[in-house]
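*Asks:* Quick one: the structure is below, questions incoming.
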Amino acid sequence: MAELVPIIQLGNPILRQKAALVDNIQDEHIQKLIEDLITTVVQANGVGIAAPQLAQSYRLLIVASRPNPRYPNAPEMEPTAMINPKITAHSTEVVKGWEGCLSVPGIRGLVPRYQAIEVEYTDRNGKLQKQELTDFVARIFQHEYDHLDGIVFVDRLENTLEMITEQEYQQRVVNNI
Ligand code: ZN
């Protein structure tokens, strides 16, 4: 059974560690961690989560884009576990977009990310997958991938003036004021 595991918050040193490669995907612990991550990200209205956010320092992330109250315009997709992911190529174009993080509650920031990336990862069945991701889904991947290297989105802000509270974000950005 998947369980709802507490999400660790900014300040916890695990969020600043470089996560370890997963060497046995079929391991019960890893398969249960995938279930816990998916359950937790859906429950928290997130669009992605990385294993270190559940205090498990493994190179494993979930991309789970779907429209929800925190991201009303997100595209719909099945939650996908990506194990030992890599970015193999990226666009020269960088775009800024608003991000938040389940480990940094109450804060949003404008973060520059590659518009398109090519990625490789192993899926939860142990199969190597290659995909091109663009726009919002590429942004989710890059945000979660950073967690595997101990990087948090606030580290990537170009200017602290581009950091606002969740409440202001909801009023100004989502409602286009
Ligand atoms: Zn995050």
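All residue names refer to the structure tokens as shown: chains lettered A, B, ... in order, residues numbered from 1 in each chain, ligands numbered from 1 in order.
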Give one line per residue of chain A that approaches ligand 1 to at most 8 Å, naming the two atoms of the closest pair and their distance in Å to one decimal, counting only C-alpha atoms and all ligand atoms; sort by chain then ascending residue number and deliver it as a tab-separated table.
*Replies:*
```
residue	atom	partner	partner_atom_place_in_ligand_line	distance
A:Gly48	CA	ligand 1	1 (Zn)	7.4
A:Ile49	CA	ligand 1	1 (Zn)	6.3
A:Ala50	CA	ligand 1	1 (Zn)	7.2
A:Gln53	CA	ligand 1	1 (Zn)	7.6
A:Gly100	CA	ligand 1	1 (Zn)	6.8
A:Cys101	CA	ligand 1	1 (Zn)	3.9
A:Leu102	CA	ligand 1	1 (Zn)	5.7
A:Ser103	CA	ligand 1	1 (Zn)	5.9
A:Val104	CA	ligand 1	1 (Zn)	7.3
A:His143	CA	ligand 1	1 (Zn)	6.1
A:Glu144	CA	ligand 1	1 (Zn)	5.9
A:His147	CA	ligand 1	1 (Zn)	6.6
A:Val152	CA	ligand 1	1 (Zn)	6.4
A:Phe153	CA	ligand 1	1 (Zn)	6.8
```
*Asks:* Step one, run DSSP on the backbone; step two, keep only residues of chain A assigned to alpha helix (DSSP H); then write them as a PyMOL selection string.
*Replies:* chain A and resi 28-43+135-148+166-169
*Asks:* Which one of A:Thr122, A:Gln115, A:Thr88, A:Gln9 sits closest to Ile62 of chain A if you count only C-alpha atoms?
*Replies:*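 Checking each candidate against Ile62 of chain A, we get A:Thr122 as the closest.
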*Asks:* Nearest residue to Gly106 of chain A out of A:Val47, A:Val22, A:Val41, A:Ile164, using only C-alpha atoms?
*Replies:*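 Distance minimum relative to Gly106 of chain A lands on A:Ile164.
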*Asks:* Using only C-alpha atoms, pick whichever of A:Val154, A:Leu161, A:Leu110, A:Leu128 has the shortest atom-to-atom distance to Trp98 of chain A.
*Replies:* A:Leu110
*Asks:* Counting only C-alpha atoms, which residue out of A:Lys127, A:Gln31, A:Glu120, A:Val42 sits closest to Asn68 of chain A?
*Replies:*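 Of A:Lys127, A:Gln31, A:Glu120, A:Val42, the one nearest Asn68 of chain A, counting only C-alpha atoms, is A:Val42.
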*Asks:* Can you pull out every residue from segment 2-169 of chain A that DSSP, working from the backbone, puts in strand (DSSP E or B), and format the result as number ranges by chain?
*Replies:* A: 20, 48-50, 58, 60-63, 68, 71, 80-90, 94-101, 104-114, 116-122, 128-134, 163-165
*Asks:* Might you pull out every residue within 9 Å of Glu162 of chain A, with only C-alpha atoms counted and same-chain residues fewer than 5 positions away left off, and present them as a PDB file with C-alpha atoms, in the first residue's frame?
*Replies:*
```pdb
ATOM      1  CA  ARG A 108       6.731  31.370  -6.338  1.00  0.00           C
ATOM      2  CA  GLY A 109       9.561  32.515  -8.553  1.00  0.00           C
ATOM      3  CA  LEU A 110      10.249  33.237 -12.222  1.00  0.00           C
ATOM      4  CA  VAL A 111      12.810  30.635 -13.264  1.00  0.00           C
ATOM      5  CA  LEU A 157      16.201  33.084  -9.688  1.00  0.00           C
TER       6      LEU A 157
END
```
*Asks:* Between A:Glu168, A:Glu3, A:Gly97, A:Thr80, which has the minimum distance to Tyr121 of chain A (counting only C-alpha atoms)?
*Replies:*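 Closest to Tyr121 of chain A, using only C-alpha atoms: A:Thr80.
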*Asks:* Measuring atom to atom with only C-alpha atoms, identify which of A:Leu54, A:Arg113, A:Pro67, A:Val173 is nearest to Asn12 of chain A.
*Replies:*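 Between A:Leu54, A:Arg113, A:Pro67, A:Val173, the residue approaching Asn12 of chain A most closely is A:Leu54.
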*Asks:* Enter the distance from atom CA of Ile83 of chain A to atom CA of Leu4 of chain A, in Å, rounded to one decimal.
*Replies:*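 About the pair atom CA of Ile83 of chain A and atom CA of Leu4 of chain A: they are 20.5 Å apart.
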